[in-house]
Amino acid sequence: MAKDKDTSYAAGHRERLREKFLQHKLMDYEILELLLTYAIPRRDVKPLARQLMGKFQGAHQILGAPMEELERIDGIKRNTAIFIKAIFEIMLLDYKNYLAKTPIFHEYKMLEDYCKLMLSGKTVEEFHVLYLDADKRLIADETHSSGTSDWAAIYPREILKRGLATNANSVILVHNHPTNAAMFSTEDINATKELYSLLKSVNINLFDHLLVANGLVYSAKNMRLLD
């Protein structure tokens, strides 16, 4: 009887989560809890949802976390990790498709959300280059380099070559700080200025350099570091 009661309560709790979702009343961890019920249907996943939020400090960081890091969490097995990464991949694809159709200055927040999703969960520093057409729509997002926890290489002439090859009108640089340092380093600023001058010589505009740290996006342009 106790087992039937527990099963009934669990089913009722999941149904209440669904109803709250339809009413837009779920808290952040409850949205994650609801998703996890579809990957782990026969278990109370509220503690797991809270644990994930506590460890990663946000949805972007959870979705972007590497498979092996997710699988180290007690209660997450391979199928659940794949489920989380599948959500990550489809969201990333949706952002890319949107940015390929819409000038980025119309939806700058969409660009910031894309960058957060792409880089927030990374454990090493990555440097990406977004190549844009004359209407500031995304042509390509390419991983330029992947480094260590506090460094990634920048090769200005390789970016110049790819800019010319993709017929880009502008580029946006994006990198992350896994250590959560929320400031552009001196090396970041110097490399950005060098690249700005190099691209300008072939009429390619360095539109911005974005830094993802602490679950936030910082703009070198807004901070007047490109002046």
# chains A, B, ... in the order shown; residues from 1 in each chain; ligands from 1
$ residues_around --residues "stretch 62-75 of chain A" --least-positions-apart "6" --cutoff "8 Å" --atoms "only C-alpha atoms" --output "list in words"
Leu48, Leu52, Met53, Phe56, Ala81, Ile82, Ile84, Lys85, Ile87, Phe88, Leu117, Met118, Leu119, Ser120, Gly121, Lys122 and Thr123 of chain A
$ residues_around --residues "stretch 142-151 of chain A" --least-positions-apart "5" --cutoff "7 Å" --atoms "only C-alpha atoms" --output "ChimeraX atom specification"
/A:123-130,177-179
$ write_last_selection --atoms "N, CA, C and O atoms" --output "PDB file, in the first residue's frame"
ATOM      1  N   THR A 123      35.075  24.052 -19.724  1.00  0.00           N
ATOM      2  CA  THR A 123      36.076  23.981 -18.656  1.00  0.00           C
ATOM      3  C   THR A 123      37.435  24.484 -19.117  1.00  0.00           C
ATOM      4  O   THR A 123      38.356  24.615 -18.308  1.00  0.00           O
ATOM      5  N   VAL A 124      37.588  24.731 -20.420  1.00  0.00           N
ATOM      6  CA  VAL A 124      38.810  25.344 -20.948  1.00  0.00           C
ATOM      7  C   VAL A 124      38.419  26.570 -21.761  1.00  0.00           C
ATOM      8  O   VAL A 124      37.272  26.715 -22.190  1.00  0.00           O
ATOM      9  N   GLU A 125      39.383  27.457 -21.952  1.00  0.00           N
ATOM     10  CA  GLU A 125      39.110  28.674 -22.709  1.00  0.00           C
ATOM     11  C   GLU A 125      39.036  28.352 -24.200  1.00  0.00           C
ATOM     12  O   GLU A 125      39.901  27.658 -24.731  1.00  0.00           O
ATOM     13  N   GLU A 126      37.993  28.857 -24.849  1.00  0.00           N
ATOM     14  CA  GLU A 126      37.844  28.707 -26.293  1.00  0.00           C
ATOM     15  C   GLU A 126      37.727  30.078 -26.933  1.00  0.00           C
ATOM     16  O   GLU A 126      37.186  31.007 -26.337  1.00  0.00           O
ATOM     17  N   PHE A 127      38.218  30.154 -28.150  1.00  0.00           N
ATOM     18  CA  PHE A 127      38.146  31.410 -28.902  1.00  0.00           C
ATOM     19  C   PHE A 127      37.379  31.134 -30.187  1.00  0.00           C
ATOM     20  O   PHE A 127      37.778  30.278 -30.977  1.00  0.00           O
ATOM     21  N   HIS A 128      36.262  31.835 -30.352  1.00  0.00           N
ATOM     22  CA  HIS A 128      35.430  31.664 -31.546  1.00  0.00           C
ATOM     23  C   HIS A 128      35.437  32.941 -32.380  1.00  0.00           C
ATOM     24  O   HIS A 128      35.599  34.041 -31.842  1.00  0.00           O
ATOM     25  N   VAL A 129      35.224  32.772 -33.679  1.00  0.00           N
ATOM     26  CA  VAL A 129      35.079  33.908 -34.575  1.00  0.00           C
ATOM     27  C   VAL A 129      33.775  33.753 -35.343  1.00  0.00           C
ATOM     28  O   VAL A 129      33.525  32.710 -35.963  1.00  0.00           O
ATOM     29  N   LEU A 130      32.931  34.772 -35.258  1.00  0.00           N
ATOM     30  CA  LEU A 130      31.674  34.802 -36.004  1.00  0.00           C
ATOM     31  C   LEU A 130      31.885  35.699 -37.216  1.00  0.00           C
ATOM     32  O   LEU A 130      32.244  36.871 -37.085  1.00  0.00           O
ATOM     33  N   HIS A 177      35.977  32.864 -20.156  1.00  0.00           N
ATOM     34  CA  HIS A 177      36.906  32.726 -19.038  1.00  0.00           C
ATOM     35  C   HIS A 177      36.329  31.687 -18.076  1.00  0.00           C
ATOM     36  O   HIS A 177      35.462  32.008 -17.261  1.00  0.00           O
ATOM     37  N   PRO A 178      36.761  30.423 -18.175  1.00  0.00           N
ATOM     38  CA  PRO A 178      36.254  29.387 -17.253  1.00  0.00           C
ATOM     39  C   PRO A 178      36.536  29.717 -15.788  1.00  0.00           C
ATOM     40  O   PRO A 178      35.832  29.231 -14.899  1.00  0.00           O
ATOM     41  N   THR A 179      37.573  30.523 -15.538  1.00  0.00           N
ATOM     42  CA  THR A 179      37.901  30.906 -14.167  1.00  0.00           C
ATOM     43  C   THR A 179      36.952  31.969 -13.630  1.00  0.00           C
ATOM     44  O   THR A 179      37.064  32.394 -12.481  1.00  0.00           O
TER      45      THR A 179
END
$ atom_distance --atom1 "atom CA of A:Tyr218" --atom2 "atom CA of A:Lys116"
10.5 Å
$ residues_around --residues "A:Ile159" --least-positions-apart "4" --cutoff "9 Å" --atoms "only C-alpha atoms" --output "list in words"
Val129, His144, Ile154, Tyr155, Gly163, Leu164, Leu195 and Leu199 of chain A
$ write_last_selection --atoms "N, CA and C atoms" --output "PDB file, in the first residue's frame"
ATOM      1  N   VAL A 129      35.224  32.772 -33.679  1.00  0.00           N
ATOM      2  CA  VAL A 129      35.079  33.908 -34.575  1.00  0.00           C
ATOM      3  C   VAL A 129      33.775  33.753 -35.343  1.00  0.00           C
ATOM      4  N   HIS A 144      38.122  28.958 -33.302  1.00  0.00           N
ATOM      5  CA  HIS A 144      39.456  29.366 -33.744  1.00  0.00           C
ATOM      6  C   HIS A 144      40.540  28.602 -32.978  1.00  0.00           C
ATOM      7  N   ILE A 154      45.350  33.195 -30.173  1.00  0.00           N
ATOM      8  CA  ILE A 154      44.699  33.988 -31.212  1.00  0.00           C
ATOM      9  C   ILE A 154      45.699  34.152 -32.351  1.00  0.00           C
ATOM     10  N   TYR A 155      45.287  33.788 -33.557  1.00  0.00           N
ATOM     11  CA  TYR A 155      46.134  33.894 -34.731  1.00  0.00           C
ATOM     12  C   TYR A 155      45.497  34.887 -35.709  1.00  0.00           C
ATOM     13  N   GLY A 163      38.308  35.384 -43.026  1.00  0.00           N
ATOM     14  CA  GLY A 163      37.397  36.490 -43.342  1.00  0.00           C
ATOM     15  C   GLY A 163      37.304  36.720 -44.839  1.00  0.00           C
ATOM     16  N   LEU A 164      38.447  36.680 -45.506  1.00  0.00           N
ATOM     17  CA  LEU A 164      38.460  36.858 -46.959  1.00  0.00           C
ATOM     18  C   LEU A 164      37.819  35.660 -47.664  1.00  0.00           C
ATOM     19  N   LEU A 195      44.203  42.836 -34.247  1.00  0.00           N
ATOM     20  CA  LEU A 195      43.307  42.254 -35.242  1.00  0.00           C
ATOM     21  C   LEU A 195      42.429  43.321 -35.885  1.00  0.00           C
ATOM     22  N   LEU A 199      42.363  43.678 -39.915  1.00  0.00           N
ATOM     23  CA  LEU A 199      41.126  43.501 -40.684  1.00  0.00           C
ATOM     24  C   LEU A 199      40.742  44.787 -41.414  1.00  0.00           C
TER      25      LEU A 199
END
$ residues_around --residues "stretch 105-112 of chain A" --least-positions-apart "2" --cutoff "12 Å" --atoms "only C-alpha atoms" --output "count of residues only"
43
$ atom_distance --atom1 "atom CA of A:Ala11" --atom2 "atom CA of A:Ala59"
24.9 Å
$ closest_residue --among "A:Ala49, A:Glu89, A:Ile76, A:Arg18" --to "A:Glu33" --atoms "only C-alpha atoms"
A:Ala49
$ select_by_dssp --residues "stretch 9-134 of chain A" --states "strand (DSSP E or B)" --output "mmCIF file with N, CA, C and O atoms, in the first residue's frame"
data_model
loop_
_atom_site.group_PDB
_atom_site.id
_atom_site.type_symbol
_atom_site.label_atom_id
_atom_site.label_comp_id
_atom_site.auth_asym_id
_atom_site.auth_seq_id
_atom_site.Cartn_x
_atom_site.Cartn_y
_atom_site.Cartn_z
ATOM 1 N N GLU A 126 37.993 28.857 -24.849
ATOM 2 C CA GLU A 126 37.844 28.707 -26.293
ATOM 3 C C GLU A 126 37.727 30.078 -26.933
ATOM 4 O O GLU A 126 37.186 31.007 -26.337
ATOM 5 N N PHE A 127 38.218 30.154 -28.150
ATOM 6 C CA PHE A 127 38.146 31.410 -28.902
ATOM 7 C C PHE A 127 37.379 31.134 -30.187
ATOM 8 O O PHE A 127 37.778 30.278 -30.977
ATOM 9 N N HIS A 128 36.262 31.835 -30.352
ATOM 10 C CA HIS A 128 35.430 31.664 -31.546
ATOM 11 C C HIS A 128 35.437 32.941 -32.380
ATOM 12 O O HIS A 128 35.599 34.041 -31.842
ATOM 13 N N VAL A 129 35.224 32.772 -33.679
ATOM 14 C CA VAL A 129 35.079 33.908 -34.575
ATOM 15 C C VAL A 129 33.775 33.753 -35.343
ATOM 16 O O VAL A 129 33.525 32.710 -35.963
ATOM 17 N N LEU A 130 32.931 34.772 -35.258
ATOM 18 C CA LEU A 130 31.674 34.802 -36.004
ATOM 19 C C LEU A 130 31.885 35.699 -37.216
ATOM 20 O O LEU A 130 32.244 36.871 -37.085
ATOM 21 N N TYR A 131 31.687 35.144 -38.402
ATOM 22 C CA TYR A 131 31.850 35.877 -39.645
ATOM 23 C C TYR A 131 30.480 36.333 -40.133
ATOM 24 O O TYR A 131 29.549 35.518 -40.227
ATOM 25 N N LEU A 132 30.341 37.628 -40.421
ATOM 26 C CA LEU A 132 29.056 38.221 -40.769
ATOM 27 C C LEU A 132 29.076 38.789 -42.185
ATOM 28 O O LEU A 132 30.119 39.258 -42.663
#
$ atom_distance --atom1 "atom CA of A:Asn180" --atom2 "atom CA of A:Leu32"
23.4 Å
$ residues_around --residues "A:Leu22" --least-positions-apart "6" --cutoff "12 Å" --atoms "only C-alpha atoms" --output "number ranges by chain"
A: 15-16, 31, 34
$ residues_around --residues "A:Asn203" --least-positions-apart "2" --cutoff "12 Å" --atoms "only C-alpha atoms" --output "ChimeraX atom specification"
/A:134,160,163-164,167-171,196-201,205-207
$ closest_residue --among "A:Ala220, A:Lys161, A:His13, A:Gln57" --to "A:Ile189" --atoms "only C-alpha atoms"
A:Ala220
$ select_by_dssp --residues "stretch 80-136 of chain A" --states "alpha helix (DSSP H)" --output "ChimeraX atom specification"
/A:80-101,108-119
$ write_last_selection --atoms "N, CA, C and O atoms" --output "short mmCIF file (atom, residue, chain, number, x, y, z; two decimals), in the first residue's frame"
data_model
loop_
_atom_site.label_atom_id
_atom_site.label_comp_id
_atom_site.auth_asym_id
_atom_site.auth_seq_id
_atom_site.Cartn_x
_atom_site.Cartn_y
_atom_site.Cartn_z
N THR A 80 20.68 10.08 -19.61
CA THR A 80 20.25 11.40 -19.14
C THR A 80 21.20 12.48 -19.63
O THR A 80 20.77 13.57 -20.03
N ALA A 81 22.51 12.19 -19.61
CA ALA A 81 23.50 13.15 -20.12
C ALA A 81 23.26 13.41 -21.60
O ALA A 81 23.34 14.56 -22.06
N ILE A 82 22.96 12.36 -22.36
CA ILE A 82 22.67 12.52 -23.80
C ILE A 82 21.41 13.37 -23.99
O ILE A 82 21.35 14.23 -24.87
N PHE A 83 20.41 13.15 -23.16
CA PHE A 83 19.17 13.92 -23.22
C PHE A 83 19.46 15.42 -23.02
O PHE A 83 18.98 16.27 -23.78
N ILE A 84 20.28 15.73 -22.01
CA ILE A 84 20.64 17.13 -21.75
C ILE A 84 21.42 17.72 -22.91
O ILE A 84 21.16 18.85 -23.36
N LYS A 85 22.37 16.96 -23.45
CA LYS A 85 23.18 17.46 -24.56
C LYS A 85 22.37 17.59 -25.84
O LYS A 85 22.67 18.45 -26.69
N ALA A 86 21.35 16.76 -26.02
CA ALA A 86 20.49 16.88 -27.20
C ALA A 86 19.70 18.20 -27.15
O ALA A 86 19.52 18.87 -28.18
N ILE A 87 19.23 18.58 -25.95
CA ILE A 87 18.56 19.87 -25.79
C ILE A 87 19.52 21.00 -26.13
O ILE A 87 19.17 21.96 -26.84
N PHE A 88 20.76 20.88 -25.64
CA PHE A 88 21.80 21.86 -25.94
C PHE A 88 22.00 22.02 -27.45
O PHE A 88 22.01 23.14 -27.98
N GLU A 89 22.14 20.91 -28.14
CA GLU A 89 22.44 20.95 -29.58
C GLU A 89 21.29 21.56 -30.38
O GLU A 89 21.51 22.34 -31.32
N ILE A 90 20.05 21.21 -30.02
CA ILE A 90 18.92 21.74 -30.80
C ILE A 90 18.73 23.24 -30.53
O ILE A 90 18.37 24.00 -31.43
N MET A 91 19.01 23.68 -29.30
CA MET A 91 18.94 25.11 -29.00
C MET A 91 20.03 25.88 -29.74
O MET A 91 19.80 26.95 -30.31
N LEU A 92 21.24 25.31 -29.77
CA LEU A 92 22.35 25.94 -30.47
C LEU A 92 22.05 26.06 -31.96
O LEU A 92 22.30 27.11 -32.58
N LEU A 93 21.48 25.02 -32.54
CA LEU A 93 21.12 25.03 -33.95
C LEU A 93 20.06 26.09 -34.24
O LEU A 93 20.14 26.82 -35.24
N ASP A 94 19.09 26.21 -33.34
CA ASP A 94 18.03 27.20 -33.52
C ASP A 94 18.59 28.63 -33.49
O ASP A 94 18.23 29.46 -34.30
N TYR A 95 19.50 28.89 -32.54
CA TYR A 95 20.15 30.20 -32.47
C TYR A 95 20.92 30.49 -33.76
O TYR A 95 20.84 31.59 -34.33
N LYS A 96 21.68 29.52 -34.24
CA LYS A 96 22.47 29.72 -35.46
C LYS A 96 21.58 30.03 -36.66
O LYS A 96 21.87 30.94 -37.45
N ASN A 97 20.50 29.27 -36.79
CA ASN A 97 19.58 29.50 -37.91
C ASN A 97 18.95 30.89 -37.84
O ASN A 97 18.79 31.57 -38.85
N TYR A 98 18.62 31.32 -36.63
CA TYR A 98 18.02 32.64 -36.44
C TYR A 98 19.02 33.73 -36.80
O TYR A 98 18.69 34.69 -37.52
N LEU A 99 20.24 33.60 -36.30
CA LEU A 99 21.26 34.63 -36.55
C LEU A 99 21.71 34.66 -38.01
O LEU A 99 22.22 35.67 -38.48
N ALA A 100 21.49 33.57 -38.72
CA ALA A 100 21.82 33.54 -40.15
C ALA A 100 20.78 34.28 -40.98
O ALA A 100 21.06 34.70 -42.12
N LYS A 101 19.60 34.50 -40.40
CA LYS A 101 18.51 35.17 -41.12
C LYS A 101 18.27 36.61 -40.68
O LYS A 101 17.67 37.39 -41.40
N TYR A 108 20.38 41.78 -30.44
CA TYR A 108 21.68 41.57 -29.80
C TYR A 108 21.59 40.63 -28.61
O TYR A 108 22.53 39.89 -28.32
N LYS A 109 20.45 40.65 -27.93
CA LYS A 109 20.28 39.72 -26.80
C LYS A 109 20.30 38.28 -27.27
O LYS A 109 20.81 37.39 -26.58
N MET A 110 19.75 38.02 -28.46
CA MET A 110 19.78 36.67 -29.02
C MET A 110 21.22 36.23 -29.24
O MET A 110 21.59 35.09 -28.95
N LEU A 111 22.05 37.16 -29.73
CA LEU A 111 23.47 36.86 -29.91
C LEU A 111 24.13 36.56 -28.57
O LEU A 111 24.89 35.60 -28.45
N GLU A 112 23.83 37.36 -27.56
CA GLU A 112 24.41 37.14 -26.23
C GLU A 112 23.97 35.79 -25.65
O GLU A 112 24.78 35.06 -25.07
N ASP A 113 22.70 35.45 -25.82
CA ASP A 113 22.20 34.16 -25.33
C ASP A 113 22.88 33.00 -26.05
O ASP A 113 23.19 31.96 -25.44
N TYR A 114 23.09 33.17 -27.34
CA TYR A 114 23.79 32.15 -28.13
C TYR A 114 25.21 31.94 -27.59
O TYR A 114 25.65 30.81 -27.39
N CYS A 115 25.90 33.04 -27.32
CA CYS A 115 27.27 32.96 -26.81
C CYS A 115 27.30 32.32 -25.42
O CYS A 115 28.19 31.51 -25.11
N LYS A 116 26.34 32.67 -24.57
CA LYS A 116 26.27 32.06 -23.24
C LYS A 116 26.04 30.56 -23.34
O LYS A 116 26.68 29.77 -22.64
N LEU A 117 25.11 30.17 -24.19
CA LEU A 117 24.82 28.75 -24.35
C LEU A 117 26.04 28.00 -24.89
O LEU A 117 26.37 26.91 -24.43
N MET A 118 26.73 28.62 -25.83
CA MET A 118 27.85 27.99 -26.50
C MET A 118 29.05 27.81 -25.57
O MET A 118 29.76 26.80 -25.64
N LEU A 119 29.27 28.77 -24.65
CA LEU A 119 30.53 28.78 -23.91
C LEU A 119 30.42 28.70 -22.40
O LEU A 119 31.43 28.45 -21.73
#
